[in-house]
Amino acid sequence: MAENPTEVAVGAGVIALAFGFLVYAGQVTGFGASAPDHYKLTASFRSAEGISTGTDVRLAGVKVGTVSGLDLNRDTFRAEAQLTLDGDVLLPDDTAAMISSEGLLGGNFVELVPGGSMFNFEDGQVIADTQGSVSLINLLLKFVTGSDEGSAE
């Protein structure tokens, strides 16, 4: 079979482009990243409504991680979120985690509010101070009816 130089050049270009896309996808998804670049924490929420796997974790409005897992603890009946945080963000071990909203029509995210402890979280530890999501419907019902009935707290 005869080889045309133009076909060989185009084929090599397609292979190089495909390899470039694979490298880019690996960098974006963190595939192959070394373990010290990230660490995981767990936060237990009464209600994790509005967040899911892939939701942003923010500190002072800046994304510092993502929610990498969300499960129900069948013993405590609370939602446990696994947070994967950037390795260069060292949080005091009295940091609070709360589910916040970007606005009336925006999505939710996990907001970290650092405390003043001298000791930092280590990989695998649990954030003790958490606040779950607030239901907009319940707030509106309380406002309209003027009552505090149905309050879970």
# chains A, B, ... in the order shown; residues from 1 in each chain; ligands from 1

$ select_by_dssp --residues "chain A" --states "strand (DSSP E or B)" --output "number ranges by chain"
A: 38-45, 56-59, 62-73, 78-86, 92, 96-101, 108-113, 120, 126-127, 129-131

$ write_last_selection --atoms "N, CA and C atoms" --output "compact mmCIF listing (two decimals), in the first residue's frame"
# COMPACT_ATOMS: atom_id res chain seq x y z
N HIS A 38 -3.86 17.02 48.03
CA HIS A 38 -5.22 17.13 48.57
C HIS A 38 -5.31 16.38 49.89
N TYR A 39 -6.29 16.75 50.69
CA TYR A 39 -6.61 15.96 51.87
C TYR A 39 -8.12 15.98 52.05
N LYS A 40 -8.62 14.98 52.79
CA LYS A 40 -10.06 14.81 52.94
C LYS A 40 -10.49 15.05 54.38
N LEU A 41 -11.65 15.69 54.51
CA LEU A 41 -12.31 15.88 55.79
C LEU A 41 -13.75 15.41 55.64
N THR A 42 -14.39 15.11 56.76
CA THR A 42 -15.80 14.70 56.75
C THR A 42 -16.60 15.69 57.58
N ALA A 43 -17.77 16.07 57.07
CA ALA A 43 -18.67 16.96 57.78
C ALA A 43 -20.04 16.30 57.84
N SER A 44 -20.65 16.31 59.02
CA SER A 44 -21.96 15.68 59.22
C SER A 44 -23.02 16.77 59.34
N PHE A 45 -24.00 16.75 58.43
CA PHE A 45 -25.04 17.77 58.39
C PHE A 45 -26.40 17.17 58.73
N ASP A 56 -18.97 22.90 45.11
CA ASP A 56 -17.79 23.65 45.56
C ASP A 56 -17.72 23.71 47.08
N VAL A 57 -16.48 23.71 47.59
CA VAL A 57 -16.20 24.03 48.98
C VAL A 57 -15.40 25.32 48.94
N ARG A 58 -15.89 26.36 49.64
CA ARG A 58 -15.28 27.69 49.55
C ARG A 58 -14.83 28.20 50.91
N LEU A 59 -13.78 28.97 50.87
CA LEU A 59 -13.25 29.65 52.04
C LEU A 59 -13.09 31.11 51.66
N VAL A 62 -13.60 31.83 47.98
CA VAL A 62 -12.68 31.24 47.01
C VAL A 62 -12.79 29.72 47.08
N LYS A 63 -12.89 29.08 45.92
CA LYS A 63 -13.00 27.63 45.88
C LYS A 63 -11.69 27.00 46.35
N VAL A 64 -11.78 26.15 47.39
CA VAL A 64 -10.61 25.46 47.93
C VAL A 64 -10.78 23.95 47.91
N GLY A 65 -11.89 23.48 47.33
CA GLY A 65 -12.12 22.04 47.27
C GLY A 65 -13.49 21.72 46.71
N THR A 66 -13.83 20.44 46.79
CA THR A 66 -15.12 19.97 46.31
C THR A 66 -15.68 18.92 47.26
N VAL A 67 -16.98 18.71 47.15
CA VAL A 67 -17.63 17.61 47.86
C VAL A 67 -17.38 16.36 47.03
N SER A 68 -16.64 15.40 47.60
CA SER A 68 -16.27 14.21 46.84
C SER A 68 -17.17 13.02 47.14
N GLY A 69 -18.02 13.14 48.14
CA GLY A 69 -18.94 12.06 48.46
C GLY A 69 -20.03 12.54 49.40
N LEU A 70 -21.18 11.91 49.33
CA LEU A 70 -22.31 12.28 50.19
C LEU A 70 -23.07 11.01 50.51
N ASP A 71 -23.10 10.65 51.80
CA ASP A 71 -23.75 9.42 52.24
C ASP A 71 -24.61 9.68 53.46
N LEU A 72 -25.53 8.76 53.71
CA LEU A 72 -26.36 8.82 54.91
C LEU A 72 -25.74 7.94 55.98
N ASN A 73 -25.51 8.50 57.16
CA ASN A 73 -25.05 7.72 58.29
C ASN A 73 -26.28 7.07 58.90
N ARG A 78 -27.86 11.30 59.79
CA ARG A 78 -27.34 12.58 59.32
C ARG A 78 -26.61 12.35 58.00
N ALA A 79 -26.54 13.39 57.20
CA ALA A 79 -25.83 13.32 55.92
C ALA A 79 -24.35 13.59 56.18
N GLU A 80 -23.49 12.70 55.69
CA GLU A 80 -22.06 12.87 55.86
C GLU A 80 -21.44 13.22 54.51
N ALA A 81 -20.83 14.38 54.46
CA ALA A 81 -20.20 14.86 53.23
C ALA A 81 -18.69 14.69 53.36
N GLN A 82 -18.09 14.06 52.35
CA GLN A 82 -16.64 13.96 52.29
C GLN A 82 -16.14 15.14 51.47
N LEU A 83 -15.28 15.96 52.08
CA LEU A 83 -14.75 17.16 51.44
C LEU A 83 -13.31 16.91 51.05
N THR A 84 -12.98 17.15 49.79
CA THR A 84 -11.60 17.05 49.34
C THR A 84 -11.08 18.48 49.17
N LEU A 85 -10.06 18.81 49.96
CA LEU A 85 -9.54 20.17 50.00
C LEU A 85 -8.13 20.24 49.44
N ASP A 86 -7.76 21.41 48.92
CA ASP A 86 -6.41 21.63 48.42
C ASP A 86 -5.42 21.46 49.57
N PRO A 92 -7.71 25.49 60.76
CA PRO A 92 -7.71 25.20 62.19
C PRO A 92 -8.74 24.12 62.50
N ALA A 96 -15.68 25.73 61.16
CA ALA A 96 -17.09 25.37 60.99
C ALA A 96 -17.39 25.20 59.50
N ALA A 97 -18.29 24.29 59.18
CA ALA A 97 -18.74 24.07 57.80
C ALA A 97 -20.24 24.31 57.75
N MET A 98 -20.68 25.11 56.78
CA MET A 98 -22.11 25.36 56.64
C MET A 98 -22.50 25.36 55.17
N ILE A 99 -23.72 24.99 54.91
CA ILE A 99 -24.22 24.99 53.55
C ILE A 99 -24.83 26.36 53.31
N SER A 100 -24.28 27.08 52.34
CA SER A 100 -24.71 28.44 52.04
C SER A 100 -25.27 28.50 50.63
N SER A 101 -26.01 29.55 50.36
CA SER A 101 -26.61 29.76 49.05
C SER A 101 -25.92 30.92 48.35
N ASN A 108 -26.13 26.09 45.79
CA ASN A 108 -25.57 26.02 47.13
C ASN A 108 -24.11 25.59 47.07
N PHE A 109 -23.39 25.86 48.14
CA PHE A 109 -22.01 25.44 48.27
C PHE A 109 -21.71 25.24 49.75
N VAL A 110 -20.60 24.58 50.04
CA VAL A 110 -20.18 24.39 51.43
C VAL A 110 -19.20 25.50 51.76
N GLU A 111 -19.54 26.28 52.78
CA GLU A 111 -18.68 27.39 53.19
C GLU A 111 -17.92 26.99 54.45
N LEU A 112 -16.63 27.23 54.44
CA LEU A 112 -15.79 26.95 55.61
C LEU A 112 -15.50 28.26 56.33
N VAL A 113 -15.71 28.26 57.65
CA VAL A 113 -15.45 29.44 58.47
C VAL A 113 -14.38 29.03 59.49
N ASN A 120 -4.14 22.34 63.40
CA ASN A 120 -4.81 22.21 62.10
C ASN A 120 -5.39 20.82 61.92
N VAL A 126 -12.78 14.81 61.24
CA VAL A 126 -14.19 15.20 61.11
C VAL A 126 -14.38 16.64 61.59
N ILE A 127 -15.11 17.42 60.81
CA ILE A 127 -15.47 18.77 61.21
C ILE A 127 -16.67 18.66 62.16
N ASP A 129 -18.27 21.22 63.97
CA ASP A 129 -19.23 22.32 63.96
C ASP A 129 -19.80 22.49 62.55
N THR A 130 -21.05 22.09 62.35
CA THR A 130 -21.67 22.18 61.03
C THR A 130 -23.05 22.81 61.14
N GLN A 131 -23.49 23.38 60.03
CA GLN A 131 -24.84 23.93 59.94
C GLN A 131 -25.40 23.50 58.59

$ select_by_dssp --residues "chain A" --states "helix (DSSP H, G or I)" --output "PyMOL selection string"
chain A and resi 5-29+35-37+136-145

$ write_last_selection --atoms "N, CA and C atoms" --output "short mmCIF file (atom, residue, chain, number, x, y, z; two decimals), in the first residue's frame"
data_model
loop_
_atom_site.label_atom_id
_atom_site.label_comp_id
_atom_site.auth_asym_id
_atom_site.auth_seq_id
_atom_site.Cartn_x
_atom_site.Cartn_y
_atom_site.Cartn_z
N PRO A 5 2.48 11.30 1.87
CA PRO A 5 3.05 12.12 2.95
C PRO A 5 2.01 13.02 3.63
N THR A 6 1.03 13.47 2.90
CA THR A 6 0.00 14.32 3.49
C THR A 6 -0.85 13.52 4.48
N GLU A 7 -1.20 12.29 4.12
CA GLU A 7 -1.99 11.45 5.02
C GLU A 7 -1.22 11.12 6.29
N VAL A 8 0.06 10.87 6.17
CA VAL A 8 0.90 10.57 7.33
C VAL A 8 0.97 11.80 8.25
N ALA A 9 1.14 12.98 7.69
CA ALA A 9 1.22 14.21 8.48
C ALA A 9 -0.11 14.48 9.19
N VAL A 10 -1.23 14.31 8.51
CA VAL A 10 -2.54 14.53 9.13
C VAL A 10 -2.78 13.50 10.23
N GLY A 11 -2.42 12.27 9.99
CA GLY A 11 -2.58 11.21 11.01
C GLY A 11 -1.74 11.51 12.25
N ALA A 12 -0.50 11.94 12.05
CA ALA A 12 0.36 12.30 13.19
C ALA A 12 -0.23 13.48 13.96
N GLY A 13 -0.79 14.45 13.24
CA GLY A 13 -1.41 15.59 13.89
C GLY A 13 -2.61 15.19 14.73
N VAL A 14 -3.43 14.28 14.20
CA VAL A 14 -4.61 13.80 14.94
C VAL A 14 -4.18 13.06 16.21
N ILE A 15 -3.14 12.24 16.11
CA ILE A 15 -2.66 11.51 17.29
C ILE A 15 -2.09 12.48 18.32
N ALA A 16 -1.33 13.48 17.88
CA ALA A 16 -0.78 14.47 18.81
C ALA A 16 -1.90 15.27 19.48
N LEU A 17 -2.92 15.63 18.75
CA LEU A 17 -4.06 16.36 19.31
C LEU A 17 -4.81 15.52 20.33
N ALA A 18 -5.02 14.24 20.03
CA ALA A 18 -5.70 13.34 20.96
C ALA A 18 -4.88 13.19 22.24
N PHE A 19 -3.57 13.07 22.12
CA PHE A 19 -2.71 12.97 23.30
C PHE A 19 -2.78 14.25 24.13
N GLY A 20 -2.80 15.39 23.47
CA GLY A 20 -2.93 16.67 24.18
C GLY A 20 -4.23 16.77 24.95
N PHE A 21 -5.34 16.32 24.36
CA PHE A 21 -6.62 16.32 25.06
C PHE A 21 -6.59 15.40 26.28
N LEU A 22 -5.95 14.24 26.16
CA LEU A 22 -5.83 13.32 27.28
C LEU A 22 -5.04 13.94 28.44
N VAL A 23 -3.94 14.60 28.12
CA VAL A 23 -3.13 15.26 29.15
C VAL A 23 -3.94 16.36 29.82
N TYR A 24 -4.63 17.16 29.03
CA TYR A 24 -5.46 18.25 29.57
C TYR A 24 -6.56 17.70 30.47
N ALA A 25 -7.25 16.66 30.02
CA ALA A 25 -8.33 16.06 30.82
C ALA A 25 -7.77 15.50 32.13
N GLY A 26 -6.60 14.92 32.10
CA GLY A 26 -5.98 14.40 33.32
C GLY A 26 -5.65 15.51 34.30
N GLN A 27 -5.20 16.65 33.81
CA GLN A 27 -4.89 17.78 34.69
C GLN A 27 -6.15 18.38 35.29
N VAL A 28 -7.20 18.52 34.50
CA VAL A 28 -8.44 19.13 34.97
C VAL A 28 -9.11 18.25 36.03
N THR A 29 -9.15 16.95 35.81
CA THR A 29 -9.82 16.05 36.74
C THR A 29 -8.95 15.66 37.91
N ALA A 35 -0.81 12.37 46.13
CA ALA A 35 -1.66 12.42 47.30
C ALA A 35 -1.48 13.67 48.16
N PRO A 36 -0.26 14.20 48.35
CA PRO A 36 -0.11 15.36 49.22
C PRO A 36 -0.79 16.63 48.68
N ASP A 37 -1.23 16.64 47.42
CA ASP A 37 -1.88 17.82 46.87
C ASP A 37 -3.26 18.06 47.45
N LEU A 136 -35.79 27.46 51.99
CA LEU A 136 -36.43 28.74 51.64
C LEU A 136 -37.95 28.65 51.80
N ILE A 137 -38.52 27.51 51.47
CA ILE A 137 -39.98 27.32 51.59
C ILE A 137 -40.41 27.44 53.05
N ASN A 138 -39.66 26.79 53.96
CA ASN A 138 -40.01 26.89 55.38
C ASN A 138 -39.89 28.32 55.89
N LEU A 139 -38.87 29.04 55.45
CA LEU A 139 -38.73 30.43 55.86
C LEU A 139 -39.90 31.28 55.37
N LEU A 140 -40.30 31.07 54.12
CA LEU A 140 -41.43 31.83 53.58
C LEU A 140 -42.73 31.49 54.31
N LEU A 141 -42.92 30.21 54.63
CA LEU A 141 -44.12 29.81 55.37
C LEU A 141 -44.16 30.46 56.74
N LYS A 142 -43.01 30.51 57.42
CA LYS A 142 -42.96 31.16 58.73
C LYS A 142 -43.29 32.64 58.61
N PHE A 143 -42.78 33.26 57.56
CA PHE A 143 -43.03 34.68 57.36
C PHE A 143 -44.51 34.95 57.07
N VAL A 144 -45.11 34.15 56.20
CA VAL A 144 -46.50 34.35 55.80
C VAL A 144 -47.45 34.06 56.95
N THR A 145 -47.22 32.96 57.66
CA THR A 145 -48.14 32.58 58.76
C THR A 145 -47.83 33.32 60.05
#

$ closest_residue --among "A:Asp94, A:Asn4, A:Phe77, A:Val89" --to "A:Gln125" --atoms "only C-alpha atoms"
A:Asp94

$ atom_distance --atom1 "atom CA of A:Ser147" --atom2 "atom CA of A:Thr76"
29.0 Å

$ atom_distance --atom1 "atom CA of A:Ser47" --atom2 "atom CA of A:Ala128"
14.8 Å

$ closest_residue --among "A:Asp88, A:Thr95, A:Met118, A:Glu102" --to "A:Gly61" --atoms "only C-alpha atoms"
A:Glu102
